[in-house]
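Text of data-v5.txt, listed as compact mmCIF, C-alpha atoms:
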```txt
# COMPACT_ATOMS: atom_id res chain seq x y z
CA MET A 21 125.66 99.70 101.18
CA ASN A 22 126.73 96.15 100.45
CA THR A 23 124.23 95.29 97.71
CA GLU A 24 124.98 91.55 98.05
CA HIS A 25 123.30 91.54 101.46
CA GLN A 26 119.50 91.28 101.63
CA TYR A 27 118.51 94.17 103.86
CA GLY A 28 115.03 94.72 105.28
CA PHE A 29 112.71 97.48 104.06
CA GLU A 30 113.31 99.89 106.94
CA THR A 31 117.09 99.53 106.61
CA LEU A 32 116.93 100.27 102.88
CA ALA A 33 114.61 103.24 103.46
CA ILE A 34 117.16 104.79 105.81
CA HIS A 35 120.44 103.85 104.14
CA ALA A 36 119.96 103.24 100.38
CA GLY A 37 121.30 106.26 98.49
CA ASN A 38 122.30 107.82 101.81
CA GLU A 39 126.02 107.08 101.94
CA PRO A 40 127.93 109.41 104.30
CA ASP A 41 129.43 112.37 102.49
CA PRO A 42 133.01 111.42 101.49
CA THR A 43 134.36 114.89 102.31
CA THR A 44 132.83 115.57 105.71
CA GLY A 45 131.26 112.30 106.81
CA ALA A 46 127.80 113.95 107.00
CA VAL A 47 125.23 111.17 107.40
CA VAL A 48 122.53 113.15 105.57
CA PRO A 49 123.09 113.77 101.83
CA PRO A 50 123.76 117.44 101.11
CA ILE A 51 121.35 119.60 99.12
CA TYR A 52 123.33 120.26 95.95
CA ALA A 53 121.86 123.64 95.02
CA THR A 54 123.79 123.99 91.79
CA SER A 55 122.80 124.13 88.15
CA THR A 56 126.14 123.19 86.60
CA TYR A 57 129.43 121.44 87.39
CA LYS A 58 133.11 122.12 86.60
CA GLN A 59 134.30 119.65 83.98
CA ASP A 60 137.68 117.98 84.05
CA GLY A 61 138.59 119.12 80.56
CA VAL A 62 136.23 119.44 77.60
CA GLY A 63 133.76 116.57 77.79
CA GLY A 64 135.40 115.23 80.94
CA LEU A 65 132.52 114.91 83.36
CA ARG A 66 133.35 114.55 87.04
CA ASN A 67 131.47 111.47 88.27
CA GLY A 68 128.98 111.89 85.42
CA TYR A 69 127.64 115.32 86.39
CA GLU A 70 127.39 118.17 83.90
CA TYR A 71 124.03 119.93 84.35
CA SER A 72 121.36 119.44 87.02
CA ARG A 73 118.52 118.71 84.63
CA SER A 74 120.48 115.66 83.53
CA ALA A 75 121.62 114.64 87.01
CA ASN A 76 122.03 116.12 90.46
CA PRO A 77 123.67 114.30 93.40
CA THR A 78 120.74 114.92 95.76
CA ARG A 79 118.30 113.60 93.16
CA THR A 80 120.59 110.65 92.50
CA ALA A 81 120.45 109.75 96.20
CA LEU A 82 116.65 109.79 96.11
CA GLU A 83 116.49 107.77 92.91
CA GLU A 84 118.78 105.11 94.34
CA CYS A 85 116.61 104.90 97.45
CA LEU A 86 113.41 104.66 95.40
CA ALA A 87 114.82 101.78 93.37
CA ALA A 88 115.91 99.94 96.49
CA ILE A 89 112.63 100.15 98.41
CA GLU A 90 110.56 99.16 95.35
CA ALA A 91 112.85 96.22 94.50
CA GLY A 92 113.74 97.83 91.16
CA THR A 93 116.96 98.47 89.32
CA ARG A 94 116.50 102.18 88.57
CA GLY A 95 114.37 104.96 89.97
CA PHE A 96 113.55 108.35 88.49
CA ALA A 97 112.39 111.43 90.42
CA PHE A 98 110.14 114.07 88.88
CA ALA A 99 108.62 117.43 89.71
CA SER A 100 105.18 115.83 90.28
CA GLY A 101 103.36 112.55 89.91
CA LEU A 102 101.72 113.79 86.71
CA ALA A 103 105.11 114.78 85.31
CA ALA A 104 106.28 111.22 85.95
CA GLU A 105 103.19 109.79 84.23
CA ASP A 106 103.49 112.05 81.20
CA THR A 107 107.18 111.27 80.78
CA LEU A 108 106.48 107.53 81.05
CA ILE A 109 103.78 107.52 78.36
CA ARG A 110 105.95 109.55 75.98
CA SER A 111 108.76 107.06 76.63
CA VAL A 112 106.79 103.92 75.76
CA CYS A 113 103.96 105.10 73.47
CA ALA A 114 103.63 106.88 70.14
CA PRO A 115 100.67 108.51 68.39
CA GLY A 116 98.19 105.80 67.44
CA ASP A 117 98.95 103.60 70.45
CA HIS A 118 96.37 102.51 73.00
CA VAL A 119 96.21 102.28 76.79
CA VAL A 120 93.81 100.27 78.96
CA PHE A 121 92.89 102.60 81.81
CA PRO A 122 91.22 101.98 85.20
CA ASP A 123 87.49 102.62 85.51
CA ASP A 124 88.27 104.20 88.89
CA ALA A 125 91.33 106.43 89.03
CA TYR A 126 92.74 109.75 90.18
CA GLY A 127 91.03 112.59 88.33
CA GLY A 128 94.33 114.23 87.41
CA THR A 129 95.57 111.09 85.68
CA PHE A 130 92.30 110.79 83.77
CA ARG A 131 92.60 114.45 82.74
CA LEU A 132 96.16 113.87 81.51
CA PHE A 133 95.07 110.99 79.30
CA SER A 134 91.71 112.35 78.14
CA LYS A 135 92.67 116.01 77.57
CA VAL A 136 96.41 116.02 76.88
CA LEU A 137 97.71 112.67 75.67
CA SER A 138 94.62 112.16 73.52
CA ASN A 139 95.64 115.25 71.53
CA TRP A 140 98.99 113.55 70.99
CA GLY A 141 97.18 110.54 69.51
CA VAL A 142 97.19 108.10 72.43
CA GLU A 143 93.81 106.43 72.89
CA MET A 144 92.48 104.89 76.09
CA THR A 145 89.70 102.50 77.07
CA PRO A 146 88.46 102.32 80.69
CA ALA A 147 88.12 98.83 82.17
CA ALA A 148 87.16 97.51 85.59
CA VAL A 149 90.34 96.81 87.53
CA THR A 150 88.53 94.18 89.58
CA HIS A 151 87.63 92.08 86.51
CA PRO A 152 90.66 90.66 84.67
CA GLU A 153 88.48 89.53 81.76
CA ALA A 154 87.24 93.11 81.29
CA ILE A 155 90.87 94.22 81.05
CA ARG A 156 91.61 91.45 78.56
CA ALA A 157 88.57 92.45 76.46
CA ALA A 158 89.65 96.10 76.42
CA ILE A 159 93.05 95.28 74.94
CA GLN A 160 93.42 96.10 71.23
CA PRO A 161 95.90 93.58 69.78
CA GLY A 162 98.90 95.27 68.25
CA LYS A 163 97.85 98.71 69.51
CA THR A 164 97.72 98.38 73.30
CA LYS A 165 101.13 99.28 74.70
CA VAL A 166 100.21 99.87 78.36
CA VAL A 167 97.77 98.46 80.88
CA TRP A 168 97.46 101.02 83.67
CA LEU A 169 96.38 100.13 87.20
CA GLU A 170 95.76 101.85 90.48
CA THR A 171 95.38 99.45 93.39
CA PRO A 172 93.82 100.36 95.71
CA THR A 173 92.04 102.80 93.41
CA ASN A 174 91.30 106.44 94.06
CA PRO A 175 88.74 107.09 95.55
CA LEU A 176 86.62 103.90 95.63
CA LEU A 177 89.43 101.67 96.94
CA ASN A 178 88.90 98.85 94.46
CA VAL A 179 91.66 96.25 94.38
CA ALA A 180 93.27 94.66 91.32
CA ASP A 181 95.18 91.38 91.30
CA ILE A 182 98.54 92.63 90.07
CA ALA A 183 99.99 89.22 89.19
CA ILE A 184 96.97 88.20 87.10
CA VAL A 185 96.79 91.52 85.25
CA ALA A 186 100.55 91.42 84.63
CA GLN A 187 100.12 88.11 82.82
CA ILE A 188 97.26 89.50 80.73
CA ALA A 189 99.31 92.56 79.77
CA HIS A 190 102.40 90.56 78.92
CA ASP A 191 100.41 88.05 76.84
CA ALA A 192 99.32 91.04 74.74
CA GLY A 193 102.85 92.44 74.48
CA ALA A 194 101.96 95.38 76.72
CA LEU A 195 103.57 96.84 79.83
CA LEU A 196 101.83 96.79 83.18
CA VAL A 197 102.08 100.13 85.00
CA VAL A 198 100.93 100.27 88.63
CA ASP A 199 100.29 103.51 90.47
CA ASN A 200 101.38 102.50 93.98
CA THR A 201 100.67 105.84 95.64
CA PHE A 202 97.87 104.68 97.97
CA ALA A 203 99.73 101.62 99.24
CA SER A 204 103.28 103.02 99.21
CA ALA A 205 106.36 100.88 98.73
CA TYR A 206 106.08 99.71 102.34
CA LEU A 207 102.70 98.02 101.98
CA GLN A 208 102.96 96.73 98.40
CA GLN A 209 105.68 96.04 95.84
CA PRO A 210 104.17 95.69 92.36
CA LEU A 211 107.46 94.90 90.59
CA GLU A 212 107.77 91.75 92.68
CA LEU A 213 104.28 90.77 91.50
CA GLY A 214 105.06 91.16 87.79
CA ALA A 215 104.52 94.85 87.05
CA ASP A 216 106.95 96.60 84.69
CA VAL A 217 106.71 100.14 86.06
CA VAL A 218 105.71 101.57 89.43
CA VAL A 219 104.40 105.13 89.59
CA HIS A 220 104.26 107.29 92.71
CA SER A 221 103.09 110.70 93.63
CA THR A 222 105.87 111.17 96.18
CA THR A 223 103.88 114.16 97.42
CA LYS A 224 101.78 111.64 99.34
CA TYR A 225 103.04 108.88 101.66
CA MET A 226 106.64 108.84 100.43
CA GLY A 227 107.18 112.49 101.41
CA GLY A 228 104.61 112.15 104.15
CA HIS A 229 104.55 115.68 105.55
CA SER A 230 102.54 117.74 103.02
CA ASP A 231 105.57 119.94 102.36
CA VAL A 232 106.71 118.81 98.91
CA VAL A 233 105.31 117.98 95.47
CA GLY A 234 107.02 115.21 93.54
CA GLY A 235 106.68 112.06 91.48
CA ALA A 236 108.61 108.89 90.74
CA LEU A 237 108.98 105.96 88.38
CA VAL A 238 110.75 102.71 89.25
CA VAL A 239 111.56 99.90 86.80
CA ARG A 240 113.51 96.66 86.69
CA ASP A 241 114.29 96.30 82.96
CA ALA A 242 117.50 98.04 81.88
CA GLY A 243 116.28 98.80 78.37
CA LEU A 244 113.10 100.42 79.64
CA ALA A 245 115.15 102.37 82.18
CA ASP A 246 117.33 103.77 79.39
CA LYS A 247 114.24 104.97 77.49
CA ILE A 248 112.86 106.70 80.57
CA ALA A 249 116.23 108.24 81.41
CA PHE A 250 116.46 109.73 77.91
CA HIS A 251 112.97 111.20 78.11
CA GLN A 252 113.43 112.43 81.67
CA ASN A 253 116.39 114.50 80.48
CA ALA A 254 114.81 115.50 77.16
CA ILE A 255 111.49 116.62 78.67
CA GLY A 256 113.07 118.03 81.83
CA ALA A 257 110.31 117.79 84.46
CA VAL A 258 112.80 116.70 87.12
CA ALA A 259 112.70 116.94 90.88
CA GLY A 260 114.78 119.81 92.24
CA PRO A 261 117.48 119.18 94.87
CA PHE A 262 115.52 120.52 97.86
CA ASP A 263 112.37 118.61 96.87
CA SER A 264 114.47 115.48 96.42
CA TRP A 265 115.97 115.99 99.87
CA LEU A 266 112.53 116.37 101.47
CA VAL A 267 111.22 113.16 99.89
CA LEU A 268 114.38 111.31 100.86
CA ARG A 269 113.92 112.48 104.44
CA GLY A 270 110.28 111.41 104.40
CA ILE A 271 111.06 107.90 103.15
CA LYS A 272 113.21 107.22 106.21
CA THR A 273 110.11 107.06 108.42
CA LEU A 274 107.77 105.54 105.83
CA GLY A 275 107.49 102.16 107.57
CA VAL A 276 106.60 103.45 111.02
CA ARG A 277 104.22 106.03 109.58
CA MET A 278 102.36 103.52 107.42
CA ASP A 279 101.86 101.23 110.40
CA ARG A 280 100.34 104.11 112.38
CA HIS A 281 98.22 105.24 109.41
CA SER A 282 96.90 101.68 109.11
CA ASP A 283 96.25 101.38 112.87
CA ASN A 284 94.24 104.60 112.90
CA ALA A 285 92.37 103.79 109.69
CA GLU A 286 91.20 100.47 111.11
CA ARG A 287 89.76 102.24 114.16
CA VAL A 288 88.06 104.84 111.95
CA VAL A 289 86.50 102.06 109.86
CA GLU A 290 85.12 100.41 112.99
CA PHE A 291 83.56 103.70 114.06
CA LEU A 292 82.04 104.45 110.64
CA GLN A 293 80.52 100.99 110.32
CA ARG A 294 78.50 101.59 113.47
CA HIS A 295 77.27 105.08 112.61
CA GLN A 296 73.67 105.44 111.48
CA SER A 297 74.49 108.20 109.00
CA VAL A 298 76.94 106.00 107.06
CA SER A 299 75.46 103.82 104.33
CA GLN A 300 78.69 102.15 103.13
CA VAL A 301 82.34 102.00 104.18
CA LEU A 302 84.96 101.33 101.51
CA TYR A 303 88.19 99.86 102.87
CA PRO A 304 90.17 96.84 101.63
CA GLY A 305 90.73 95.64 105.19
CA LEU A 306 87.05 94.80 105.64
CA ASP A 307 86.16 91.12 105.30
CA GLY A 308 83.16 92.11 103.20
CA HIS A 309 85.18 94.20 100.75
CA PRO A 310 85.16 92.44 97.34
CA GLY A 311 88.92 92.89 97.01
CA HIS A 312 89.81 91.91 100.57
CA GLU A 313 91.35 88.53 99.77
CA THR A 314 93.44 89.97 96.95
CA ALA A 315 94.58 92.88 99.10
CA ALA A 316 95.51 90.53 101.93
CA LYS A 317 97.56 88.49 99.47
CA GLN A 318 99.56 91.34 97.95
CA MET A 319 99.61 94.03 100.66
CA LYS A 320 101.32 94.02 104.04
CA ARG A 321 98.45 96.02 105.56
CA PHE A 322 95.52 97.97 104.15
CA GLY A 323 96.67 101.57 104.38
CA GLY A 324 95.39 104.89 105.63
CA ILE A 325 92.74 105.84 103.04
CA VAL A 326 89.09 105.30 103.93
CA SER A 327 86.11 106.26 101.79
CA PHE A 328 82.49 106.18 102.89
CA ARG A 329 79.03 107.09 101.67
CA VAL A 330 76.36 108.81 103.75
CA THR A 331 72.61 108.38 103.95
CA GLY A 332 71.80 112.05 103.43
CA GLY A 333 73.25 112.41 99.93
CA GLU A 334 75.51 115.15 98.61
CA ALA A 335 74.23 117.85 100.95
CA GLN A 336 75.10 115.81 104.03
CA ALA A 337 78.47 114.83 102.58
CA LEU A 338 79.37 118.48 102.02
CA ASP A 339 78.16 119.41 105.50
CA ILE A 340 80.34 116.73 107.10
CA CYS A 341 83.40 117.94 105.19
CA ASN A 342 82.77 121.50 106.33
CA LYS A 343 82.16 120.60 110.00
CA ALA A 344 85.31 118.51 110.55
CA GLU A 345 88.07 120.25 112.49
CA VAL A 346 90.91 117.83 113.24
CA PHE A 347 90.36 116.39 109.76
CA THR A 348 91.45 119.30 107.58
CA LEU A 349 89.32 119.99 104.50
CA GLY A 350 91.81 119.74 101.68
CA GLU A 351 92.98 117.84 98.63
CA SER A 352 95.94 115.46 98.59
CA LEU A 353 96.59 112.64 101.06
CA GLY A 354 99.31 110.68 102.78
CA GLY A 355 100.58 113.33 105.17
CA VAL A 356 100.93 112.96 108.91
CA GLU A 357 97.82 115.13 109.35
CA SER A 358 94.33 113.81 108.63
CA LEU A 359 92.47 115.22 105.63
CA ILE A 360 88.84 115.05 104.54
CA GLU A 361 87.49 115.81 101.08
CA HIS A 362 84.50 115.48 98.78
CA PRO A 363 85.93 113.78 95.66
CA GLY A 364 83.04 114.72 93.39
CA LYS A 365 83.61 118.44 93.98
CA MET A 366 87.36 118.35 94.56
CA THR A 367 89.97 115.81 93.39
CA HIS A 368 87.64 114.07 90.93
CA ALA A 369 85.71 117.02 89.52
CA SER A 370 87.45 116.42 86.18
CA VAL A 371 85.72 113.03 85.74
CA ALA A 372 82.17 114.38 86.13
CA GLY A 373 80.00 113.14 83.27
CA THR A 374 82.43 110.34 82.35
CA PRO A 375 82.41 106.61 83.15
CA LEU A 376 84.72 107.45 86.07
CA GLU A 377 82.27 109.82 87.79
CA VAL A 378 82.16 109.19 91.55
CA PRO A 379 79.07 109.14 93.79
CA ALA A 380 77.93 112.54 95.07
CA ASP A 381 77.46 111.15 98.60
CA LEU A 382 81.09 109.95 98.83
CA ILE A 383 83.64 111.28 101.33
CA ARG A 384 87.33 110.35 101.29
CA LEU A 385 89.50 110.41 104.38
CA SER A 386 93.26 110.39 104.54
CA VAL A 387 93.68 109.15 108.09
CA GLY A 388 96.76 110.68 109.69
CA ILE A 389 98.83 109.69 112.69
CA GLU A 390 97.20 111.90 115.34
CA THR A 391 95.80 110.55 118.60
CA ILE A 392 93.03 108.20 117.46
CA ASP A 393 90.53 109.29 120.12
CA ASP A 394 90.73 112.85 118.80
CA LEU A 395 90.06 111.66 115.25
CA LEU A 396 87.06 109.61 116.31
CA GLN A 397 85.62 112.46 118.36
CA ASP A 398 86.02 114.82 115.40
CA LEU A 399 84.22 112.44 113.06
CA ASP A 400 81.45 111.94 115.60
CA HIS A 401 80.99 115.71 115.77
CA ALA A 402 81.02 116.13 111.97
CA LEU A 403 78.53 113.30 111.44
CA SER A 404 76.13 114.38 114.17
```
Would you kindly transcribe this structure into structure tokens?
Amino acid sequence: MNTEHQYGFETLAIHAGNEPDPTTGAVVPPIYATSTYKQDGVGGLRNGYEYSRSANPTRTALEECLAAIEAGTRGFAFASGLAAEDTLIRSVCAPGDHVVFPDDAYGGTFRLFSKVLSNWGVEMTPAAVTHPEAIRAAIQPGKTKVVWLETPTNPLLNVADIAIVAQIAHDAGALLVVDNTFASAYLQQPLELGADVVVHSTTKYMGGHSDVVGGALVVRDAGLADKIAFHQNAIGAVAGPFDSWLVLRGIKTLGVRMDRHSDNAERVVEFLQRHQSVSQVLYPGLDGHPGHETAAKQMKRFGGIVSFRVTGGEAQALDICNKAEVFTLGESLGGVESLIEHPGKMTHASVAGTPLEVPADLIRLSVGIETIDDLLQDLDHALS
């Protein structure tokens, strides 16, 4: 593509990294199922390829697309979102360093920091993402290397002001890392708001079809990109060629899917607000949501994740999860099909007994793109 032209998001999602194959003219990048490459003489790499841990043409296509849709300079594709996060921290931190961590975050990320990276000597302090001064107070001058955000958060859907937190992090000499999984690159672009690194579980909305596990990092700074590239190769938790191809295929429809996810989620929110068994609905699109104004400022729409609390406590929450039919009981999110889960017993079981523990009466929905009337009828049945 002509990089001097300012293309729209949907055009980049379809074409960036997807140049027609020079040999055949195929409009879809091939799956390069190869581990190694013939060299043009000793040390003479053909187009930079020598071994598929270091680089693979299918993965390169995905990484170029990721960088384009997140308004970054370089993208990196990994075997999972946690692999991306682990590689990032080992790229920018050393034993003795400190990270400011969200007080509401994905349980797997908390487990990585609290059980794995802590053994490597990286400390973390939870802070409320909705209170910039709490983040500032949690920073340890000279030690804090990263301020980590999710926005919206998982599963309570709190919203952080990315631009304000970026300034706080940079004033302290730290990097701002934003997990953009819930919003996706279509609804929110943290790098444009001052973030240094964007993290994705590409398993979710980027892939979009619950058929692949993957992760990604996107950055703008060339020096930081070089550090990550070195560690990506040295650690080796890279996305395979078929997984890369699946995510690349999913990204092509990201825009239209996210609009439908958002449409359906808004209707689900309306239904839940009226139901007598629901005590609270958590969704950034609601006028009464404490982060609504910030979300409206930095997001195109409010996404497909809805959380809610029920009047009957944990027992009722579990019953609802078990009675749903169109909403499949399962972990993960962001696929075309709707999912329902109980975070306290499922995705966030690892934060039980910590400051990140979630309410026992909480249910999280990943609202898919099915016929909305079927989704509403299913929820009505499950809640009755």
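CA of Leu395 in chain A sits 9.6 Å away from CA of Ala344 in chain A.
Considering only C-alpha atoms, the residue among A:Asn67, A:Ser297, A:Thr223, A:Gln59 positioned nearest to Thr80 in chain A is A:Asn67.
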- Show which residues sit within 9 Å of Phe121 in chain A, as a ChimeraX atom specification. Count only C-alpha atoms, and ignore same-chain residues fewer than 5 positions away. /A:130,144-149,155,166-169
Output of the above residues as an mmCIF file, in the frame of the given file, restricted to C-alpha atoms:
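Below is the file out.cif, written as the result:
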```cif
data_model
loop_
_atom_site.group_PDB
_atom_site.id
_atom_site.type_symbol
_atom_site.label_atom_id
_atom_site.label_comp_id
_atom_site.auth_asym_id
_atom_site.auth_seq_id
_atom_site.Cartn_x
_atom_site.Cartn_y
_atom_site.Cartn_z
ATOM 1 C CA PHE A 130 92.300 110.790 83.770
ATOM 2 C CA MET A 144 92.480 104.890 76.090
ATOM 3 C CA THR A 145 89.700 102.500 77.070
ATOM 4 C CA PRO A 146 88.460 102.320 80.690
ATOM 5 C CA ALA A 147 88.120 98.830 82.170
ATOM 6 C CA ALA A 148 87.160 97.510 85.590
ATOM 7 C CA VAL A 149 90.340 96.810 87.530
ATOM 8 C CA ILE A 155 90.870 94.220 81.050
ATOM 9 C CA VAL A 166 100.210 99.870 78.360
ATOM 10 C CA VAL A 167 97.770 98.460 80.880
ATOM 11 C CA TRP A 168 97.460 101.020 83.670
ATOM 12 C CA LEU A 169 96.380 100.130 87.200
#
```
- By how many Å are CA of Val288 in chain A and CA of Val326 in chain A apart? 8.1 Å
Can you list every residue of range 266-348 of chain A that has an atom at most 12 Å from range 238-261 of chain A, with its nearest atom pair and the distance in Å to one decimal, using only C-alpha atoms, ordered by chain then number, as a Markdown table?
```
| residue | atom | partner | partner_atom | distance |
| --- | --- | --- | --- | --- |
| A:Leu266 | CA | A:Pro261 | CA | 8.7 |
| A:Val267 | CA | A:Ala259 | CA | 9.9 |
| A:Leu268 | CA | A:Pro261 | CA | 10.4 |
```
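One distance worth recording is that between CA of Ser358 in chain A and CA of Glu286 in chain A, which is 13.9 Å.
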Neighbourhood query: residues within 9 Å of (91.3, 115.1, 112.2), file coordinates, counting all atoms listed in the file; return as a PDB file with C-alpha atoms, in the coordinates of the input.
```pdb
ATOM      1  CA  ALA A 344      85.310 118.510 110.550  1.00  0.00           C
ATOM      2  CA  GLU A 345      88.070 120.250 112.490  1.00  0.00           C
ATOM      3  CA  VAL A 346      90.910 117.830 113.240  1.00  0.00           C
ATOM      4  CA  PHE A 347      90.360 116.390 109.760  1.00  0.00           C
ATOM      5  CA  THR A 348      91.450 119.300 107.580  1.00  0.00           C
ATOM      6  CA  GLU A 357      97.820 115.130 109.350  1.00  0.00           C
ATOM      7  CA  SER A 358      94.330 113.810 108.630  1.00  0.00           C
ATOM      8  CA  LEU A 359      92.470 115.220 105.630  1.00  0.00           C
ATOM      9  CA  ILE A 360      88.840 115.050 104.540  1.00  0.00           C
ATOM     10  CA  VAL A 387      93.680 109.150 108.090  1.00  0.00           C
ATOM     11  CA  GLY A 388      96.760 110.680 109.690  1.00  0.00           C
ATOM     12  CA  GLU A 390      97.200 111.900 115.340  1.00  0.00           C
ATOM     13  CA  ILE A 392      93.030 108.200 117.460  1.00  0.00           C
ATOM     14  CA  ASP A 394      90.730 112.850 118.800  1.00  0.00           C
ATOM     15  CA  LEU A 395      90.060 111.660 115.250  1.00  0.00           C
ATOM     16  CA  LEU A 396      87.060 109.610 116.310  1.00  0.00           C
ATOM     17  CA  GLN A 397      85.620 112.460 118.360  1.00  0.00           C
ATOM     18  CA  ASP A 398      86.020 114.820 115.400  1.00  0.00           C
ATOM     19  CA  LEU A 399      84.220 112.440 113.060  1.00  0.00           C
TER      20      LEU A 399
END
```
- Would you kindly return, as a list in words, each protein, DNA or RNA residue with an atom no farther than 12 Å from any atom of Glu290 in chain A, considering all atoms listed in the file and excluding same-chain residues fewer than 2 positions away? Asp283, Asn284, Ala285, Glu286, Arg287, Val288, Leu292, Gln293, Arg294, His295, Val298, Gln300, Val301, Leu302, Tyr303, Gly305, Leu306, Val326, Phe328, Ile392 and Leu396 of chain A
Per residue of range 167-286 of chain A within 8 Å of range 122-127 of chain A, record the nearest atom pair and its distance in Å to one decimal, counting only C-alpha atoms, with rows in chain order and ascending residue number, as a tab-separated table.
```
residue	atom	partner	partner_atom	distance
A:Trp168	CA	A:Pro122	CA	6.5
A:Leu169	CA	A:Pro122	CA	5.8
A:Glu170	CA	A:Ala125	CA	6.5
A:Thr173	CA	A:Ala125	CA	5.7
A:Asn174	CA	A:Ala125	CA	5.0
A:Pro175	CA	A:Ala125	CA	7.0
A:Leu176	CA	A:Asp124	CA	6.9
A:Asn178	CA	A:Asp124	CA	7.7
```
Need the shell around Gly92 in chain A: protein/DNA/RNA residues with any atom at most 12 Å away, counting only C-alpha atoms. Skip same-chain ones fewer than 4 positions apart. Format as a compact mmCIF listing (two decimals) with C-alpha atoms, in the frame of the given file?
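Final output, result.txt:
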```txt
# COMPACT_ATOMS: atom_id res chain seq x y z
CA GLU A 83 116.49 107.77 92.91
CA GLU A 84 118.78 105.11 94.34
CA CYS A 85 116.61 104.90 97.45
CA LEU A 86 113.41 104.66 95.40
CA ALA A 87 114.82 101.78 93.37
CA ALA A 88 115.91 99.94 96.49
CA PHE A 96 113.55 108.35 88.49
CA ALA A 205 106.36 100.88 98.73
CA GLN A 209 105.68 96.04 95.84
CA PRO A 210 104.17 95.69 92.36
CA LEU A 211 107.46 94.90 90.59
CA GLU A 212 107.77 91.75 92.68
CA LEU A 213 104.28 90.77 91.50
CA GLY A 214 105.06 91.16 87.79
CA ALA A 215 104.52 94.85 87.05
CA ASP A 216 106.95 96.60 84.69
CA VAL A 217 106.71 100.14 86.06
CA VAL A 218 105.71 101.57 89.43
CA VAL A 219 104.40 105.13 89.59
CA LEU A 237 108.98 105.96 88.38
CA VAL A 238 110.75 102.71 89.25
CA VAL A 239 111.56 99.90 86.80
CA ARG A 240 113.51 96.66 86.69
CA ASP A 241 114.29 96.30 82.96
CA ALA A 242 117.50 98.04 81.88
CA LEU A 244 113.10 100.42 79.64
CA ALA A 245 115.15 102.37 82.18
```
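Here the question is which of A:His35, A:Arg79, A:Arg66, A:Arg277 gets nearest to Ser264 in chain A using all atoms listed in the file, and that residue is A:Arg79.
Restricting the calculation to all atoms listed in the file, the smallest distance between Gly234 in chain A and any of A:Gly355, A:Pro161, A:Gly311, A:Gly101 is found for A:Gly101.
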- Closest of A:Pro50, A:His220, A:Val62, A:Ala194 to Asn76 in chain A, counting all atoms listed in the file, is A:Pro50
- Query: Pick from A:Glu377, A:Asp117, A:Glu90, A:Glu70: nearest to Trp140 in chain A, with only C-alpha atoms counted?
  - Reply: A:Asp117
- Message: Quick one: residues within 9 Å of Cys113 in chain A, all atoms listed in the file, excluding same-chain residues fewer than 4 positions away - as a list in words?
- Response: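 Listing them by chain and then by number gives Leu108, Ile109, Asp117, His118, Val119, Val142, Lys165 and Val166 of chain A.
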Residue selection dump (C-alpha atoms) as a short mmCIF file (atom, residue, chain, number, x, y, z; two decimals), keeping the file's coordinate frame:
```cif
data_model
loop_
_atom_site.label_atom_id
_atom_site.label_comp_id
_atom_site.auth_asym_id
_atom_site.auth_seq_id
_atom_site.Cartn_x
_atom_site.Cartn_y
_atom_site.Cartn_z
CA LEU A 108 106.48 107.53 81.05
CA ILE A 109 103.78 107.52 78.36
CA ASP A 117 98.95 103.60 70.45
CA HIS A 118 96.37 102.51 73.00
CA VAL A 119 96.21 102.28 76.79
CA VAL A 142 97.19 108.10 72.43
CA LYS A 165 101.13 99.28 74.70
CA VAL A 166 100.21 99.87 78.36
#
```
